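Notes for the one structure printed next.
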Amino acid sequence: MTTLANAVQCTTQATAIIIPGKPDALTISYEQLGHHVLSFQKKIAALGITPQAAVSIALPNSFEFIVAFLAASWQRAIAAPLNSAYKQEEFEFYIDDLKSAVVLVPRGSVQHEGPAVRAARKYQAAIAEVYWNGKEVVLDIKDNGKLSRRGNQAVEKAQPDDIALVLHTSGTTGRPKAVPLTHKNLTQTMKNIKMTYQLTPEDRTLLVMPLFHVHGLLAGLLSPFFSGGSVIIPPKFSASEFWDNFITYKANWYTAVPTIHQILLRNPPPSQIPKIRFIRSCSSPLSPKTFHELESTFNAPVLEAYAMTEGAHQMTSNPLPPAKRFPGSVGIGQGVEVKILDQEGTEVPQGSEAEICIRGENVTNGYLNNPEANKSSFTKERFFRTGDQGKQDKDGYVIITGRIKELINKGGEKISPVELDNVVAQNEAVAEAVSFAIEDEIYGQEVGLAVVLKDGKHISEDDLRSYVTSKVAKFKVPKKIFFTDVMPKTATGKVQRRMVAQAMLAREEPKAKL
């Protein structure tokens with residue numbers, strides 16, 4: 001099972017997909033899914049899609065997205081999911097970077113000259129609107145672009161080493177890097193996730209993460225498919241509809257970023273908590289405070305995992321009970337080797353902090369057209385350098401202490417922003433806390449802190465600083481505290497310290513000009 005075509009068993013009558021709707025939901029069996037994917041594959045082959053041509057998919061979470069993604073991979077093409085909310089310049093970057101052959105957009109996009117359409121035209125990519133008409137997923141070709149010279153290609157059969165998916169890393173600096181993931185990479189992660197959480201055909205998840213992100217695509221969709229389970233797919237995450245969908249369609253687990261967990265905790269829980277087999281958290285650090293609130297509120301084990309696009313998502317995870325799970329730890333390696341290595345690639349003593357490095361069949365072979373990044377990102381033994389600093393306990397559980405480039409270096413004292421976030425989040429008035437480095441003439445760097453308070457709660461800057469002072473060493477106490485109503489986040493709900501720092505420090509620019 002080393003290609004998506006044979007990893008997703010499209011032969012049974014079991015339910016694969018449920019699209020909530022009123023009055024009726026759309027329910028698709030695995031056999032029906034296979035039929036629709038093959039039909040769409042034939043359509044894109046007729047359009048002129050050849051092996052390793054890039055198919056940009058600018059569709060929201062939907063049945064159409066799933067069919068288009070699987071069909072592109074079956075055709076040996078490269079699926080390139082894009083956030084449908086991107087602006088034109090963003091679409092232009094991604095379409096140009098991969099030399100996309102076609103851009104798939106929702107119905108009505110061409111008439112309204114949407115940003116994806118304008119970007120596709122600039123680079124002569126074909127444009128096709130994709131929609132479900134109640135019987136089939138329609139490929140409505142609006143502009144053949146440079147494919148007008150290709151047309152009517154053979155229907156292909158995917159190979160394990162074909163690149164099936166390309167996603168770009170957001171990165172902390174510079175140009176986003178293109179991460180190619182093969183069928184073998186993806187199916188290995190699907191297998192790892194199935195094993196980690198013991199997924200079976202009896203399991204059903206509610207998908208709340210976007211499918212243009214590796215978290216939603218691999219953990220929320222493809223791994224359940226690999227196990228023969230079912231996926232409930234609303235068009236987007238809605239806190240007000242989450243539990244209604246979860247209970248109505250009989251879900252028993254979900255995976256999300258900490259932001260979504262926090263939103264669910266802030267909203268009223270259902271009058272009767274359903275039986276939840278586990279709650280998975282990934283993509284950014286989960287504070288121990290949120291961990292305990294989730295477990296006590298929803299009466300389910302919370303399993304934090306650690307993942308990266310370069311690892312085709314999951315690398316480590318806390319295991320299911322009765323095995324132990326640790327708040328503040330991202331668990332143990334799942335189908336991968338994990339080592340803590342110094343800059344020379346030498347493993348450090350157990351318990352010491354250095355860079356978290358991984359190796360496994362799920363890990364990309366290297367970035368596209370970026371030899372410098374490939375040289376710096378892999379050791380001689382082909383361990384991938386994650387850029388995260390951390391350590392392992394005696395049982396192999398990984399504790400992340402921060403991004404190496406995000407560690408706050410105050411006069412030679414290294415401060416873990418993750419540790420500080422967790423301390424501040426323990427305050428009863430605090431909903432979210434993000435610490436970051438700010439430039440300082442004396443120490444080189446000082447500690448900045450952005451805080452969102454809970455509704456109806458108040459705390460002064462002095463009182464919050466006093467609270468932190470009582471919990472940590474003096475050199476870790478924030479020099480500047482910024483109160484904000486909304487914490488800046490990426491489109492997937494992930495906090496990036498660089499974004500937060502820029503937004504908070506921008507407030508001070510007018511003062512600097514006085």
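Identifiers in the structure tokens: chain A, B, ... in order shown; residue index from 1 per chain; ligand index from 1 in order shown.
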
**Request:** Please identify all polymer residues within 12 Å of Leu59 in chain A, counting only C-alpha atoms, omitting same-chain residues fewer than 5 positions from it, and present them as a list of chain:residue names.
**Result:**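 Neighbouring residues, sequence-local ones excluded: A:Glu64, A:Phe65, A:Ile66, A:Val67, A:Ala68, A:Phe69, A:Ala80, A:Pro81, A:Leu82, A:Asn83, A:Ser84, A:Ala85, A:Tyr86, A:Val103, A:Leu104, A:Val105, A:Pro106, A:Arg107, A:Ser109, A:Ala116, A:Ala128, A:Glu129, A:Val130, A:Tyr131, A:Pro210, A:Leu211, A:Phe212, A:Pro235, A:Lys236.
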
Would you tabulate, counting only C-alpha atoms, all residues of range 404-423 of chain A that have an atom at most 10 Å from an atom of range 284-305 of chain A, showing the closest pair of atoms and their distance in Å to one decimal, sorted by chain then ascending number, as a Markdown table?
| residue | atom | partner | partner_atom | distance |
| --- | --- | --- | --- | --- |
| A:Val418 | CA | A:Pro285 | CA | 7.4 |
| A:Glu419 | CA | A:Ser287 | CA | 9.1 |
| A:Asp421 | CA | A:Ser287 | CA | 7.8 |
| A:Asn422 | CA | A:Ser287 | CA | 5.4 |
| A:Val423 | CA | A:Ser287 | CA | 8.9 |

Written file, previous selection with C-alpha atoms, as a CSV table (one decimal), in the first residue's frame:
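result_34.csv, written as the output of this step:
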chain,number,residue,atom,x,y,z
A,418,VAL,CA,7.2,27.9,25.2
A,419,GLU,CA,8.1,27.5,28.9
A,421,ASP,CA,3.9,30.9,27.5
A,422,ASN,CA,2.8,28.0,29.7
A,423,VAL,CA,3.6,29.9,33.0

**Request:** Go through range 64-312 of chain A and collect every residue that DSSP, computed from the backbone, puts in helix (DSSP H, G or I); the answer should be as an MDAnalysis selection string.
**Result:** chainID A and resid 64:74 88:98 115:122 145:149 183:197 214:227 239:248 258:266 288:298 309:311

**Prompt:** In Å to one decimal, how far is CA of Ala46 in chain A from CA of Asn133 in chain A?
**Reply:** 20.1 Å

**Asked** Excluding same-chain residues fewer than 4 positions from His213 in chain A, what lies within 12 Å of it counting only C-alpha atoms, as a ChimeraX atom specification?
**Response** /A:57,60-61,80-84,165-170,208-209,217-221,256-257,283,307-309,312-313,490-494

**Request:** Name the residues of range 100-229 of chain A that come out as strand (DSSP E) in a backbone DSSP run; write them as a ChimeraX atom specification.
**Result:** /A:102-106,126-132,137-143,163-168,178-182,204-206

**Prompt:** Which neighbours of Lys476 in chain A fall inside 9 Å, counting only C-alpha atoms, when residues of the same chain fewer than 6 positions from it are skipped, and could you give them as a PyMOL selection string?
**Reply:** chain A and resi 410+413+415-416+420+446-447+468-469

Take the residues that were just selected and, keeping N, CA and C atoms, output them as a PDB file, in the first residue's frame.
ATOM      1  N   LYS A 410      18.973  36.523  26.131  1.00  0.00           N
ATOM      2  CA  LYS A 410      19.112  37.738  26.941  1.00  0.00           C
ATOM      3  C   LYS A 410      20.474  37.730  27.627  1.00  0.00           C
ATOM      4  N   GLU A 413      21.813  34.378  28.399  1.00  0.00           N
ATOM      5  CA  GLU A 413      20.837  33.475  29.025  1.00  0.00           C
ATOM      6  C   GLU A 413      19.795  33.083  27.987  1.00  0.00           C
ATOM      7  N   ILE A 415      16.310  31.706  26.906  1.00  0.00           N
ATOM      8  CA  ILE A 415      14.976  31.612  27.503  1.00  0.00           C
ATOM      9  C   ILE A 415      14.043  30.909  26.531  1.00  0.00           C
ATOM     10  N   SER A 416      13.380  29.863  26.994  1.00  0.00           N
ATOM     11  CA  SER A 416      12.418  29.135  26.171  1.00  0.00           C
ATOM     12  C   SER A 416      11.078  29.870  26.154  1.00  0.00           C
ATOM     13  N   LEU A 420       7.737  29.953  28.997  1.00  0.00           N
ATOM     14  CA  LEU A 420       7.165  31.189  29.513  1.00  0.00           C
ATOM     15  C   LEU A 420       5.679  31.297  29.161  1.00  0.00           C
ATOM     16  N   GLU A 446      15.541  41.188  24.761  1.00  0.00           N
ATOM     17  CA  GLU A 446      14.724  41.194  25.969  1.00  0.00           C
ATOM     18  C   GLU A 446      13.466  40.386  25.708  1.00  0.00           C
ATOM     19  N   VAL A 447      12.679  40.203  26.748  1.00  0.00           N
ATOM     20  CA  VAL A 447      11.466  39.389  26.640  1.00  0.00           C
ATOM     21  C   VAL A 447      10.246  40.284  26.419  1.00  0.00           C
ATOM     22  N   VAL A 468       4.281  36.694  37.088  1.00  0.00           N
ATOM     23  CA  VAL A 468       5.358  35.978  36.402  1.00  0.00           C
ATOM     24  C   VAL A 468       6.612  35.939  37.278  1.00  0.00           C
ATOM     25  N   THR A 469       6.901  37.051  37.948  1.00  0.00           N
ATOM     26  CA  THR A 469       8.073  37.129  38.824  1.00  0.00           C
ATOM     27  C   THR A 469       8.032  36.066  39.922  1.00  0.00           C
TER      28      THR A 469
END

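Counting only C-alpha atoms, the residue from A:Val117, A:Met504, A:Ala7, A:Ala433 that sits nearest to Gly228 in chain A is A:Ala7.
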
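Straight-line separation from CA of Arg266 in chain A to CA of Thr196 in chain A: 28.9 Å.
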